[in-house]
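Here is the structure we will look at, set down as structure tokens.
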Amino acid sequence: MTLIYSIILAGGTGSRLWPLSRFMYPKQMFKLDDEYTLFQQTFLKLTNFIDDKNIITATNIKYASSLKEQLKQLQDKFCRKLLYKIITEPTFRNTAPSLALAVRYIKDKINYSSSEPVILSVPSDQLITNREMFSDLILKGVNLAKEGYIVAFGTETNKTNENFGYMKARANQKISQIESSALKVSGFIEKPSTKEAKANLKGKVYINSGIYMFSISTFFNELKKNAPEIYKIITENNITDTIPSMPLNIYEQFPNISIDYAIMEKSKKMAIIPLSTEWKDIGSWDAIYDVSKKDKNGNFFFGNVIDYNSENSMIYSTSKLTTSMGLKDTIVITTEDAILVCDKNNINGIKRIYKKLNGKNSATKEIHKTVYRPWGYYTVLEDGQGFLTKCITVNPNAKLSLQLHNHRSEHWIILEGEATVIKGKETISLKSGESIDIGVREIHSLQNFGKEQLKVLEIQQGDILDENDIERLEDMYGRV
């Protein structure tokens with residue numbers, strides 16, 4: 001049996017799913033149903049045929065604690081310890097450096113003197129309904145990977161979408177002798193316009209799923225040949241052990257480039273196995289509409305929604321009551337601080353909205369009013385010049401890091417539950433209705449040792465009221 005490792009790429013920001021997907025809460029973090037997030041679904045489908053200790057998650061340092069919490073939720077649900085590993089990018093540099101970091105980690109940490117393992121790289125934001133069929137298709141690529149090919153997986157299509165990349169393929173005797181269903185990749189078309197699609201998408205054409213399989217030696221050989229700058233950095237520098245990563249001053253030297261541009265579109269060693277199972281890239285609102293269960297009028301409603309007489313529309317609310325009437329082919333997304341309304345057939349315009357938010361330096365691009373943390377969550381209630389108020393909810397047996405702030409003071413009022421507060425060298429118990437002040441640069445922590453949620457009203461005052469103004473001294477979630 002060939003040893004298989006898998007790398008889940010979970011560092012993307014999901015701008016096409018704004019306003020639900022934000023920079024600090026990307027699409028892989030949220031649920032399409034009431035059970036699992038996209039990231040959790042990805043992890044579970046891999047455990048069908050890969051030992052969980054051989055599943056590596058590659059993500060940005062900003063998302064690591066949230067993904068750890070999601071894996072802990074799976075542990076609690078299945079009542080067993082998952083032997084997973086998370087490696088972190090200290091800054092954003094796209095999928096080529098992230099994947100190179102993960103492959104280097106596997107190469108350094110395992111002993112494969114008898115047989116070289118193969119690696120399966122998968123995005124964290126795809127929906128595959130038939131896990132057993134997916135497992136069977138992936139395993140067909142093992143022998144090709146052992147023979148030095150990079151194996152891509154794609155869905156045959158005769159339609160085009162400018163959000164997808166495509167692969168052209170043809171029969172090849174050498175490849176088919178190894179795996180009868182496989183073809184040779186003869187070219188890539190990256191996110192074509194309608195005009196380009198008509199000119200190029202002829203013959204056997206497959207949507208590029210971004211799922212790849214390869215051996216470690218093949219990956220580094222192709223990296224050296226096609227992306228020598230990345231190869232030099234990744235092979236000449238070491239990975240830290242405590243939290244697997246590279247120092248920021250090293251990692252930021254990587255070019256900002258996807259693995260498709262860096263290797264796949266240049267390599268002469270590309271094969272493809274068609275994905276015959278249902279596959280969806282959950283990268284846009286129309287994709288979510290396509291996979292969602294609809295009513296008799298073709299509508300999909302989620303959350304606090306009241307509708308009358310709409311057709312073929314999607315109304316998605318995460319907070320306030322959203323009412324609609326007589327809509328056709330329309331998407332409405334409502335969050336606490338932003339509303340998106342658009343024609344379902346013009347959904348790609350969201351990218352232009354997102355760019356305008358960049359220009360305005362809008363906070364709605366970065367975070368939600370409600371922000372989830374490993375210990376619970378907080379909701380911003382009001383903010384203005386020199387002040388900000390939050391409602392903080394701390395889960396049972398959870399605690400905030402031992403920390404200080406350089407630019408703000410805080411006043412905490414206990415609303416529900418009983419709080420244990422570390423303030424300097426003191427440990428103080430506070431009940432509902434009691435309060436406490438935390439000064440600038442005063443070491444503190446908020447803890448909940450009770451069986452119910454703890455709710456605290458926090459009032460911040462200072463010249464800088466920013467989540468980056470946190471200096472952590474100790475943290476049970478590994479964020480120090």
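Labels for the structure tokens follow display order: chains A, B, ..., residues from 1 in each chain, ligands from 1.
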* From a DSSP pass on the backbone, collect the residues of region 136-251 of chain A flagged as helix (DSSP H, G or I) and hand them back as a PyMOL selection string. => chain A and resi 136-139+142-146+173-178+194-200+216-226+228-236+248-251
* Asked: Looking only at the backbone, which of the residues in region 202-282 of chain A does DSSP tag as strand (DSSP E or B), as a PyMOL selection string?
  -> chain A and resi 204-215+240+245+270-274+279-281
* Could you pull the residues within 9 Å of Ser124 (chain A), counting only C-alpha atoms, minus those fewer than 3 positions along the same chain, as a PyMOL selection string? -> chain A and resi 8-12+28+38-43
With C-alpha atoms kept, could you save the residues just selected as a PDB file, in the first residue's frame?
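Once written, selection_19.pdb looks like this:
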ATOM      1  CA  ILE A   8      -5.848  21.053   2.681  1.00  0.00           C
ATOM      2  CA  LEU A   9      -5.282  24.561   1.332  1.00  0.00           C
ATOM      3  CA  ALA A  10      -7.360  26.756   3.658  1.00  0.00           C
ATOM      4  CA  GLY A  11      -5.836  30.221   3.388  1.00  0.00           C
ATOM      5  CA  GLY A  12      -8.126  31.938   0.854  1.00  0.00           C
ATOM      6  CA  GLN A  28     -14.182  27.907   4.434  1.00  0.00           C
ATOM      7  CA  LEU A  38     -16.813  23.714   4.230  1.00  0.00           C
ATOM      8  CA  PHE A  39     -13.454  23.071   5.902  1.00  0.00           C
ATOM      9  CA  GLN A  40     -14.911  20.374   8.154  1.00  0.00           C
ATOM     10  CA  GLN A  41     -16.599  18.692   5.171  1.00  0.00           C
ATOM     11  CA  THR A  42     -13.260  18.647   3.351  1.00  0.00           C
ATOM     12  CA  PHE A  43     -11.478  17.087   6.326  1.00  0.00           C
TER      13      PHE A  43
END
* To do: Write out as an MDAnalysis selection string each polymer residue whose atoms come within 12 Å of Thr427 (chain A), counting only C-alpha atoms; drop sequence neighbours fewer than 3 positions from it.
  => chainID A and resid 419:424 430 436 443:447
Please produce a file of the residues just selected, as a tab-separated table (two decimals), in the first residue's frame, where the atoms kept are C-alpha atoms.
chain	number	residue	atom	x	y	z
A	419	ALA	CA	-16.42	35.73	35.49
A	420	THR	CA	-12.95	35.01	36.78
A	421	VAL	CA	-10.78	38.04	35.97
A	422	ILE	CA	-7.00	38.14	36.09
A	423	LYS	CA	-5.92	41.74	36.74
A	424	GLY	CA	-2.22	42.20	37.31
A	430	LEU	CA	-17.42	38.85	39.43
A	436	ILE	CA	-14.15	46.17	36.75
A	443	ILE	CA	-2.05	42.60	32.22
A	444	HIS	CA	-5.44	40.87	32.27
A	445	SER	CA	-7.56	37.89	31.24
A	446	LEU	CA	-11.25	36.98	31.25
A	447	GLN	CA	-12.18	33.39	32.12
